[in-house]
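Notes for the one structure printed next.
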Amino acid sequence: MCSLLGTSVAFAPASQAASPCGFYPLTTGNLGGGDDGNYEKGIYNHCTSTGSTVKIRVDYTYASEELCVSAGETELFANPHLGALRYAVATGTC
């Protein structure tokens, strides 16, 4: 016989699950549906202490750019001058 007295288990709903750290694309159904590695929108989640910043390189179809982002999620979008969003990666500190 098993006893669960004094044991507590907590489950978070899927909608409250932690976002992955780093870049993750969001499929929108428009430009860059994701099946070819091109996206219209994505998120870069900087998972460190509040107040810190990191430099990221955002890669697009035709070029890339560097941005400084603070802790938490930063929305990224396709750029009409640089092309569809492809990826983002941390490159250093700001």
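By order in the structure tokens, chains are A, B, ...; within a chain, residues start at 1; ligands start at 1, following the order shown.
Near Ser52 (chain A), within 10 Å and counting only C-alpha atoms, sit His46, Val69, Ser70, Ala71, Gly72, Thr93 and Cys94 of chain A; same-chain residues fewer than 6 positions away were not included.
With distances restricted to only C-alpha atoms, A:Ile56 is the closest residue to Val89 (chain A) from A:Pro25, A:Glu73, A:Glu66, A:Ile56.
Shell of Val58 (chain A) at 8 Å, with only C-alpha atoms counted and residues fewer than 6 places along the chain excluded, is Ser64, Glu65, Glu66, Leu67, Leu85, Arg86, Tyr87, Ala88 and Val89 of chain A.
Closest approach to Thr61 (chain A) among A:Cys21, A:Thr91, A:Gly83, A:Tyr39 is made by A:Gly83 (distances from only C-alpha atoms).
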Every residue of region 34-78 of chain A that DSSP places in strand (DSSP E), as number ranges by chain
A: 41-46, 53-60, 64-70, 72-77
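Remark: for Ser19 (chain A), the closest of the candidate residues A:Leu82, A:Thr74, A:Asp36, A:Tyr62 is A:Thr74 (distances computed over only C-alpha atoms).
The space separating CA of Leu76 (chain A) from CA of Thr27 (chain A) comes to 12.4 Å.
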Shell around Phe77 (chain A) at 9 Å using only C-alpha atoms, local window under 2 positions removed, as an mmCIF file with all heavy atoms, in the first residue's frame:
```cif
data_model
loop_
_atom_site.group_PDB
_atom_site.id
_atom_site.type_symbol
_atom_site.label_atom_id
_atom_site.label_comp_id
_atom_site.auth_asym_id
_atom_site.auth_seq_id
_atom_site.Cartn_x
_atom_site.Cartn_y
_atom_site.Cartn_z
ATOM 1 N N TYR A 39 11.108 32.737 -41.203
ATOM 2 C CA TYR A 39 10.001 33.040 -40.303
ATOM 3 C C TYR A 39 9.623 34.512 -40.393
ATOM 4 O O TYR A 39 10.465 35.365 -40.652
ATOM 5 C CB TYR A 39 10.387 32.708 -38.852
ATOM 6 C CG TYR A 39 10.841 31.294 -38.701
ATOM 7 C CD1 TYR A 39 12.192 30.982 -38.729
ATOM 8 C CD2 TYR A 39 9.930 30.258 -38.580
ATOM 9 C CE1 TYR A 39 12.628 29.666 -38.616
ATOM 10 C CE2 TYR A 39 10.353 28.949 -38.470
ATOM 11 C CZ TYR A 39 11.697 28.663 -38.485
ATOM 12 O OH TYR A 39 12.111 27.368 -38.376
ATOM 13 N N GLU A 40 8.363 34.788 -40.115
ATOM 14 C CA GLU A 40 7.883 36.165 -40.064
ATOM 15 C C GLU A 40 8.123 36.748 -38.670
ATOM 16 O O GLU A 40 8.354 37.936 -38.517
ATOM 17 C CB GLU A 40 6.394 36.209 -40.393
ATOM 18 C CG GLU A 40 5.828 37.603 -40.383
ATOM 19 C CD GLU A 40 4.353 37.619 -40.753
ATOM 20 O OE1 GLU A 40 3.688 36.582 -40.754
ATOM 21 O OE2 GLU A 40 3.864 38.715 -41.043
ATOM 22 N N LYS A 41 8.098 35.886 -37.663
ATOM 23 C CA LYS A 41 8.198 36.353 -36.282
ATOM 24 C C LYS A 41 8.923 35.310 -35.442
ATOM 25 O O LYS A 41 8.855 34.114 -35.711
ATOM 26 C CB LYS A 41 6.786 36.570 -35.726
ATOM 27 C CG LYS A 41 6.726 37.146 -34.350
ATOM 28 C CD LYS A 41 5.270 37.394 -33.946
ATOM 29 C CE LYS A 41 5.210 37.952 -32.546
ATOM 30 N NZ LYS A 41 3.828 38.184 -32.122
ATOM 31 N N GLY A 42 9.623 35.773 -34.415
ATOM 32 C CA GLY A 42 10.294 34.883 -33.481
ATOM 33 C C GLY A 42 10.503 35.585 -32.153
ATOM 34 O O GLY A 42 10.216 36.778 -32.010
ATOM 35 N N ILE A 43 11.008 34.855 -31.194
ATOM 36 C CA ILE A 43 11.282 35.384 -29.863
ATOM 37 C C ILE A 43 12.731 35.042 -29.510
ATOM 38 O O ILE A 43 13.190 33.932 -29.770
ATOM 39 C CB ILE A 43 10.369 34.736 -28.798
ATOM 40 C CG1 ILE A 43 8.893 34.986 -29.092
ATOM 41 C CG2 ILE A 43 10.749 35.177 -27.387
ATOM 42 C CD1 ILE A 43 8.424 36.384 -28.842
ATOM 43 N N GLU A 75 10.588 40.269 -28.891
ATOM 44 C CA GLU A 75 9.973 39.849 -30.152
ATOM 45 C C GLU A 75 10.843 40.317 -31.311
ATOM 46 O O GLU A 75 11.320 41.447 -31.332
ATOM 47 C CB GLU A 75 8.573 40.437 -30.300
ATOM 48 C CG GLU A 75 7.567 39.836 -29.363
ATOM 49 C CD GLU A 75 6.171 40.367 -29.616
ATOM 50 O OE1 GLU A 75 6.008 41.597 -29.813
ATOM 51 O OE2 GLU A 75 5.242 39.549 -29.623
ATOM 52 N N ASN A 79 12.199 41.672 -41.664
ATOM 53 C CA ASN A 79 12.518 43.066 -41.973
ATOM 54 C C ASN A 79 12.390 43.254 -43.478
ATOM 55 O O ASN A 79 13.016 42.524 -44.238
ATOM 56 C CB ASN A 79 13.947 43.362 -41.510
ATOM 57 C CG ASN A 79 14.367 44.779 -41.722
ATOM 58 O OD1 ASN A 79 14.244 45.317 -42.813
ATOM 59 N ND2 ASN A 79 14.897 45.382 -40.679
ATOM 60 N N ALA A 84 13.364 37.645 -44.561
ATOM 61 C CA ALA A 84 12.685 36.855 -43.542
ATOM 62 C C ALA A 84 13.629 36.576 -42.378
ATOM 63 O O ALA A 84 14.845 36.489 -42.541
ATOM 64 C CB ALA A 84 12.190 35.544 -44.147
ATOM 65 N N LEU A 85 13.063 36.429 -41.211
ATOM 66 C CA LEU A 85 13.818 36.102 -40.007
ATOM 67 C C LEU A 85 14.282 34.650 -40.091
ATOM 68 O O LEU A 85 13.504 33.770 -40.445
ATOM 69 C CB LEU A 85 12.906 36.313 -38.793
ATOM 70 C CG LEU A 85 13.453 36.028 -37.419
ATOM 71 C CD1 LEU A 85 14.632 36.967 -37.112
ATOM 72 C CD2 LEU A 85 12.359 36.191 -36.390
#
```
Might you pull out every residue within 10 Å of Gly92 (chain A), with only C-alpha atoms counted and same-chain residues fewer than 5 positions away left off, and present them as a PyMOL selection string?
chain A and resi 53-57+68
Would you put the residues from that selection into a file with C-alpha atoms, as a PDB file, in the first residue's frame?
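So the final result, stored in out_38.pdb, reads:
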```pdb
ATOM      1  CA  THR A  53      21.843  42.792 -21.294  1.00  0.00           C
ATOM      2  CA  VAL A  54      23.313  40.683 -24.053  1.00  0.00           C
ATOM      3  CA  LYS A  55      24.232  41.416 -27.669  1.00  0.00           C
ATOM      4  CA  ILE A  56      22.520  39.147 -30.197  1.00  0.00           C
ATOM      5  CA  ARG A  57      23.046  38.707 -33.929  1.00  0.00           C
ATOM      6  CA  CYS A  68      21.259  44.602 -27.389  1.00  0.00           C
TER       7      CYS A  68
END
```
